[in-house]
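*Asks:* Following this line is query14.txt, made up of compact mmCIF, N, CA and C atoms:
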# COMPACT_ATOMS: atom_id res chain seq x y z
N GLY A 11 7.59 -18.63 -43.59
CA GLY A 11 8.13 -17.85 -42.52
C GLY A 11 9.38 -18.48 -41.96
N ARG A 12 10.10 -17.69 -41.21
CA ARG A 12 11.34 -18.14 -40.57
C ARG A 12 11.31 -17.70 -39.11
N TYR A 13 11.98 -18.44 -38.27
CA TYR A 13 12.13 -18.09 -36.87
C TYR A 13 13.61 -18.16 -36.51
N VAL A 14 14.05 -17.26 -35.65
CA VAL A 14 15.40 -17.30 -35.11
C VAL A 14 15.26 -17.54 -33.62
N LEU A 15 15.93 -18.56 -33.13
CA LEU A 15 15.90 -18.90 -31.71
C LEU A 15 17.27 -18.69 -31.11
N GLU A 16 17.30 -18.28 -29.87
CA GLU A 16 18.54 -18.20 -29.11
C GLU A 16 18.46 -19.27 -28.04
N ALA A 17 19.51 -20.08 -27.92
CA ALA A 17 19.52 -21.15 -26.93
C ALA A 17 20.95 -21.44 -26.51
N ASN A 18 21.10 -21.94 -25.27
CA ASN A 18 22.43 -22.37 -24.85
C ASN A 18 22.82 -23.59 -25.68
N PRO A 19 24.10 -23.94 -25.73
CA PRO A 19 24.55 -25.03 -26.61
C PRO A 19 23.83 -26.36 -26.37
N GLU A 20 23.56 -26.71 -25.12
CA GLU A 20 22.90 -27.99 -24.84
C GLU A 20 21.47 -27.99 -25.39
N THR A 21 20.76 -26.89 -25.17
CA THR A 21 19.39 -26.79 -25.66
C THR A 21 19.38 -26.73 -27.18
N ALA A 22 20.35 -26.06 -27.77
CA ALA A 22 20.44 -25.97 -29.23
C ALA A 22 20.56 -27.37 -29.83
N GLU A 23 21.36 -28.22 -29.21
CA GLU A 23 21.50 -29.59 -29.70
C GLU A 23 20.16 -30.32 -29.65
N GLU A 24 19.42 -30.13 -28.58
CA GLU A 24 18.11 -30.77 -28.44
C GLU A 24 17.13 -30.23 -29.49
N ILE A 25 17.15 -28.93 -29.71
CA ILE A 25 16.27 -28.33 -30.72
C ILE A 25 16.59 -28.91 -32.10
N MET A 26 17.86 -28.99 -32.42
CA MET A 26 18.26 -29.52 -33.72
C MET A 26 17.84 -30.98 -33.88
N GLU A 27 17.97 -31.77 -32.82
CA GLU A 27 17.57 -33.17 -32.87
C GLU A 27 16.07 -33.30 -33.06
N ARG A 28 15.30 -32.52 -32.33
CA ARG A 28 13.83 -32.58 -32.48
C ARG A 28 13.40 -32.14 -33.88
N ALA A 29 14.04 -31.10 -34.39
CA ALA A 29 13.73 -30.66 -35.76
C ALA A 29 14.03 -31.77 -36.75
N ARG A 30 15.16 -32.45 -36.57
CA ARG A 30 15.51 -33.55 -37.46
C ARG A 30 14.46 -34.65 -37.39
N LEU A 31 14.04 -35.02 -36.19
CA LEU A 31 13.04 -36.08 -36.02
C LEU A 31 11.70 -35.71 -36.66
N LEU A 32 11.38 -34.42 -36.68
CA LEU A 32 10.13 -33.95 -37.26
C LEU A 32 10.27 -33.56 -38.73
N ALA A 33 11.46 -33.78 -39.27
CA ALA A 33 11.76 -33.43 -40.67
C ALA A 33 11.54 -31.94 -40.94
N LEU A 34 11.88 -31.11 -39.95
CA LEU A 34 11.80 -29.66 -40.09
C LEU A 34 13.17 -29.11 -40.47
N PRO A 35 13.23 -28.23 -41.44
CA PRO A 35 14.53 -27.63 -41.76
C PRO A 35 14.98 -26.72 -40.62
N ALA A 36 16.21 -26.89 -40.19
CA ALA A 36 16.77 -26.06 -39.11
C ALA A 36 18.29 -26.05 -39.26
N ARG A 37 18.88 -24.95 -38.85
CA ARG A 37 20.34 -24.88 -38.86
C ARG A 37 20.81 -23.84 -37.86
N VAL A 38 22.02 -24.01 -37.40
CA VAL A 38 22.66 -23.04 -36.52
C VAL A 38 23.25 -21.96 -37.43
N VAL A 39 22.90 -20.70 -37.16
CA VAL A 39 23.38 -19.60 -38.00
C VAL A 39 24.43 -18.74 -37.32
N GLY A 40 24.60 -18.88 -36.01
CA GLY A 40 25.58 -18.06 -35.33
C GLY A 40 25.62 -18.33 -33.85
N LYS A 41 26.41 -17.53 -33.17
CA LYS A 41 26.58 -17.64 -31.72
C LYS A 41 26.34 -16.27 -31.11
N VAL A 42 25.87 -16.26 -29.86
CA VAL A 42 25.66 -15.01 -29.14
C VAL A 42 26.65 -14.91 -27.99
N GLY A 43 26.90 -13.68 -27.59
CA GLY A 43 27.81 -13.43 -26.48
C GLY A 43 28.90 -12.47 -26.91
N GLY A 44 29.40 -11.71 -26.00
CA GLY A 44 30.47 -10.77 -26.32
C GLY A 44 29.95 -9.52 -27.01
N ASP A 45 30.82 -8.87 -27.76
CA ASP A 45 30.52 -7.59 -28.39
C ASP A 45 30.30 -7.69 -29.89
N LEU A 46 30.28 -8.92 -30.42
CA LEU A 46 30.16 -9.10 -31.86
C LEU A 46 29.04 -10.06 -32.21
N LEU A 47 28.44 -9.87 -33.38
CA LEU A 47 27.53 -10.84 -33.96
C LEU A 47 28.35 -11.59 -35.00
N THR A 48 28.48 -12.89 -34.81
CA THR A 48 29.29 -13.70 -35.71
C THR A 48 28.42 -14.74 -36.38
N LEU A 49 28.29 -14.64 -37.70
CA LEU A 49 27.55 -15.60 -38.50
C LEU A 49 28.53 -16.43 -39.31
N LYS A 50 28.16 -17.67 -39.58
CA LYS A 50 29.04 -18.54 -40.36
C LYS A 50 29.36 -17.90 -41.71
N ASN A 51 30.64 -17.96 -42.07
CA ASN A 51 31.13 -17.47 -43.37
C ASN A 51 30.90 -15.98 -43.60
N GLU A 52 30.73 -15.20 -42.53
CA GLU A 52 30.55 -13.76 -42.65
C GLU A 52 31.52 -13.03 -41.72
N THR A 53 31.81 -11.79 -42.04
CA THR A 53 32.66 -10.96 -41.20
C THR A 53 31.87 -10.61 -39.93
N PRO A 54 32.48 -10.75 -38.74
CA PRO A 54 31.78 -10.38 -37.50
C PRO A 54 31.34 -8.92 -37.52
N LEU A 55 30.17 -8.65 -36.92
CA LEU A 55 29.63 -7.30 -36.86
C LEU A 55 29.61 -6.82 -35.41
N SER A 56 30.02 -5.60 -35.21
CA SER A 56 30.00 -4.98 -33.89
C SER A 56 28.57 -4.74 -33.45
N LEU A 57 28.22 -5.18 -32.23
CA LEU A 57 26.87 -4.92 -31.72
C LEU A 57 26.61 -3.44 -31.58
N GLN A 58 27.63 -2.67 -31.25
CA GLN A 58 27.46 -1.22 -31.14
C GLN A 58 27.12 -0.62 -32.50
N ASP A 59 27.79 -1.08 -33.57
CA ASP A 59 27.48 -0.58 -34.91
C ASP A 59 26.05 -0.95 -35.30
N LEU A 60 25.64 -2.18 -34.99
CA LEU A 60 24.27 -2.61 -35.29
C LEU A 60 23.26 -1.79 -34.51
N ARG A 61 23.55 -1.53 -33.23
CA ARG A 61 22.64 -0.73 -32.39
C ARG A 61 22.51 0.68 -32.95
N THR A 62 23.65 1.28 -33.31
CA THR A 62 23.63 2.63 -33.87
C THR A 62 22.80 2.68 -35.15
N ALA A 63 23.02 1.72 -36.05
CA ALA A 63 22.27 1.68 -37.31
C ALA A 63 20.78 1.51 -37.04
N HIS A 64 20.43 0.66 -36.08
CA HIS A 64 19.03 0.42 -35.75
C HIS A 64 18.36 1.66 -35.17
N GLU A 65 19.06 2.35 -34.29
CA GLU A 65 18.46 3.50 -33.61
C GLU A 65 18.44 4.76 -34.47
N ARG A 66 19.28 4.84 -35.48
CA ARG A 66 19.37 6.07 -36.28
C ARG A 66 18.66 6.00 -37.63
N TRP A 67 18.25 4.81 -38.07
CA TRP A 67 17.73 4.72 -39.43
C TRP A 67 16.46 5.54 -39.62
N PHE A 68 15.55 5.51 -38.67
CA PHE A 68 14.28 6.20 -38.87
C PHE A 68 14.45 7.71 -38.87
N PRO A 69 15.17 8.31 -37.90
CA PRO A 69 15.39 9.75 -37.98
C PRO A 69 16.09 10.14 -39.27
N GLY A 70 17.04 9.31 -39.72
CA GLY A 70 17.71 9.60 -40.98
C GLY A 70 16.76 9.53 -42.16
N TYR A 71 15.87 8.55 -42.13
CA TYR A 71 14.86 8.38 -43.18
C TYR A 71 13.92 9.57 -43.22
N MET A 72 13.60 10.09 -42.05
CA MET A 72 12.67 11.21 -41.96
C MET A 72 13.40 12.57 -42.14
N GLY A 73 14.70 12.53 -42.38
CA GLY A 73 15.45 13.77 -42.59
C GLY A 73 15.81 14.50 -41.34
N GLU A 74 15.83 13.77 -40.20
CA GLU A 74 16.11 14.40 -38.90
C GLU A 74 17.48 14.05 -38.37
N ALA A 75 18.32 13.44 -39.16
CA ALA A 75 19.63 12.98 -38.66
C ALA A 75 20.57 14.13 -38.38
How does this structure look as structure tokens?
*Replies:*
Amino acid sequence: GRYVLEANPETAEEIMERARLLALPARVVGKVGGDLLTLKNETPLSLQDLRTAHERWFPGYMGEA
């Protein structure tokens, strides 16, 4: 399994340090804030576009779009 955590920068540093001490694999995958989702080595994604895709997929799947 995998977990995604959101934390302020100071807490993120502490989480990463504790993971290292416990020999747990962990990495920072992105930053939160603003109007975009930005992941390392990826094109930023608009939160509005993500919200629209999330809210419309099921009606579209059911043929109600």
*Asks:* For Ala36 of chain A, please output as a list in words all residues within 8 Å (counting all atoms listed in the file; exclusion window: fewer than 3 positions along the same chain).
*Replies:*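 Surrounding residues, per the criterion: Ile25, Met26, Ala29, Arg30, Ala33 and Val39 of chain A.
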*Asks:* Please measure the separation of atom CA of Val38 of chain A and atom CA of Lys50 of chain A, giving the value in Å to one decimal.
*Replies:*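 Pair atom CA of Val38 of chain A / atom CA of Lys50 of chain A returns 8.7 Å.
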*Asks:* Name the residues of segment 26-72 of chain A that fall into alpha helix (DSSP H) according to DSSP on the backbone, using the chain letters and numbers of this document, as a list in words.
*Replies:*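 The alpha helix (DSSP H) residues within segment 26-72 of chain A come out as Met26, Glu27, Arg28, Ala29, Arg30, Leu31, Leu57, Gln58, Asp59, Leu60, Arg61, Thr62, Ala63, His64, Glu65, Arg66, Trp67, Phe68, Pro69, Gly70 and Tyr71 of chain A.
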*Asks:* From the list A:Glu24, A:Asp59, A:Glu16, A:Glu65, which residue is nearest Gly43 of chain A when using only C-alpha atoms?
*Replies:*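 Nearest to Gly43 of chain A: A:Glu16.
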*Asks:* Quick check, in Å to one decimal: how far apart do atom C of Leu49 of chain A and atom CA of Phe68 of chain A lie?
*Replies:*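 For atom C of Leu49 of chain A relative to atom CA of Phe68 of chain A, the distance reads 26.7 Å.
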*Asks:* What residues in chain A get the DSSP label strand (DSSP E or B)? Please answer as a list in words.
*Replies:*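 Assigned to strand (DSSP E or B), within chain A: Gly40, Lys41, Leu46, Leu47, Thr48, Leu49, Leu55 and Ser56 of chain A.
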*Asks:* What are the centre and the three edge lengths of an axis-aligned box that wraps all atoms of segment 17-21 of chain A in the file, given that 5 Å is added to every side, written as JSON and rounded to one decimal in Å?
*Replies:*
{"center_x": 22.0, "center_y": -24.0, "center_z": -26.4, "size_x": 15.2, "size_y": 17.9, "size_z": 13.1}
*Asks:* Using atom N of Leu34 of chain A and atom CA of Leu15 of chain A as the two end points, give the distance in Å to one decimal.
*Replies:*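 About the pair atom N of Leu34 of chain A and atom CA of Leu15 of chain A: they are 15.3 Å apart.
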*Asks:* Would you kindly return, as a list in words, each protein, DNA or RNA residue with an atom no farther than 5 Å from any atom of segment 45-47 of chain A, considering all atoms listed in the file and excluding same-chain residues fewer than 3 positions away?
*Replies:*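 Within the cut-off, the hits are Pro54, Leu55, Ser56 and Leu57 of chain A.
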*Asks:* Would you mind putting N, CA, C and O atoms back on segment 46-57 of chain A and writing the result as a PDB file, in the coordinates of the input?
*Replies:*
ATOM      1  N   LEU A  46      30.280  -8.920 -30.420  1.00  0.00           N
ATOM      2  CA  LEU A  46      30.160  -9.100 -31.860  1.00  0.00           C
ATOM      3  C   LEU A  46      29.040 -10.060 -32.210  1.00  0.00           C
ATOM      4  O   LEU A  46      28.749 -10.982 -31.441  1.00  0.00           O
ATOM      5  N   LEU A  47      28.440  -9.870 -33.380  1.00  0.00           N
ATOM      6  CA  LEU A  47      27.530 -10.840 -33.960  1.00  0.00           C
ATOM      7  C   LEU A  47      28.350 -11.590 -35.000  1.00  0.00           C
ATOM      8  O   LEU A  47      28.883 -10.980 -35.926  1.00  0.00           O
ATOM      9  N   THR A  48      28.480 -12.890 -34.810  1.00  0.00           N
ATOM     10  CA  THR A  48      29.290 -13.700 -35.710  1.00  0.00           C
ATOM     11  C   THR A  48      28.420 -14.740 -36.380  1.00  0.00           C
ATOM     12  O   THR A  48      27.833 -15.588 -35.718  1.00  0.00           O
ATOM     13  N   LEU A  49      28.290 -14.640 -37.700  1.00  0.00           N
ATOM     14  CA  LEU A  49      27.550 -15.600 -38.500  1.00  0.00           C
ATOM     15  C   LEU A  49      28.530 -16.430 -39.310  1.00  0.00           C
ATOM     16  O   LEU A  49      29.598 -15.934 -39.688  1.00  0.00           O
ATOM     17  N   LYS A  50      28.160 -17.670 -39.580  1.00  0.00           N
ATOM     18  CA  LYS A  50      29.040 -18.540 -40.360  1.00  0.00           C
ATOM     19  C   LYS A  50      29.360 -17.900 -41.710  1.00  0.00           C
ATOM     20  O   LYS A  50      28.482 -17.376 -42.386  1.00  0.00           O
ATOM     21  N   ASN A  51      30.640 -17.960 -42.070  1.00  0.00           N
ATOM     22  CA  ASN A  51      31.130 -17.470 -43.370  1.00  0.00           C
ATOM     23  C   ASN A  51      30.900 -15.980 -43.600  1.00  0.00           C
ATOM     24  O   ASN A  51      30.827 -15.534 -44.732  1.00  0.00           O
ATOM     25  N   GLU A  52      30.730 -15.200 -42.530  1.00  0.00           N
ATOM     26  CA  GLU A  52      30.550 -13.760 -42.650  1.00  0.00           C
ATOM     27  C   GLU A  52      31.520 -13.030 -41.720  1.00  0.00           C
ATOM     28  O   GLU A  52      31.974 -13.587 -40.729  1.00  0.00           O
ATOM     29  N   THR A  53      31.810 -11.790 -42.040  1.00  0.00           N
ATOM     30  CA  THR A  53      32.660 -10.960 -41.200  1.00  0.00           C
ATOM     31  C   THR A  53      31.870 -10.610 -39.930  1.00  0.00           C
ATOM     32  O   THR A  53      30.707 -10.229 -40.025  1.00  0.00           O
ATOM     33  N   PRO A  54      32.480 -10.750 -38.740  1.00  0.00           N
ATOM     34  CA  PRO A  54      31.780 -10.380 -37.500  1.00  0.00           C
ATOM     35  C   PRO A  54      31.340  -8.920 -37.520  1.00  0.00           C
ATOM     36  O   PRO A  54      32.017  -8.057 -38.080  1.00  0.00           O
ATOM     37  N   LEU A  55      30.170  -8.650 -36.920  1.00  0.00           N
ATOM     38  CA  LEU A  55      29.630  -7.300 -36.860  1.00  0.00           C
ATOM     39  C   LEU A  55      29.610  -6.820 -35.410  1.00  0.00           C
ATOM     40  O   LEU A  55      29.203  -7.548 -34.505  1.00  0.00           O
ATOM     41  N   SER A  56      30.020  -5.600 -35.210  1.00  0.00           N
ATOM     42  CA  SER A  56      30.000  -4.980 -33.890  1.00  0.00           C
ATOM     43  C   SER A  56      28.570  -4.740 -33.450  1.00  0.00           C
ATOM     44  O   SER A  56      27.766  -4.166 -34.202  1.00  0.00           O
ATOM     45  N   LEU A  57      28.220  -5.180 -32.230  1.00  0.00           N
ATOM     46  CA  LEU A  57      26.870  -4.920 -31.720  1.00  0.00           C
ATOM     47  C   LEU A  57      26.610  -3.440 -31.580  1.00  0.00           C
ATOM     48  O   LEU A  57      25.487  -2.974 -31.793  1.00  0.00           O
TER      49      LEU A  57
END
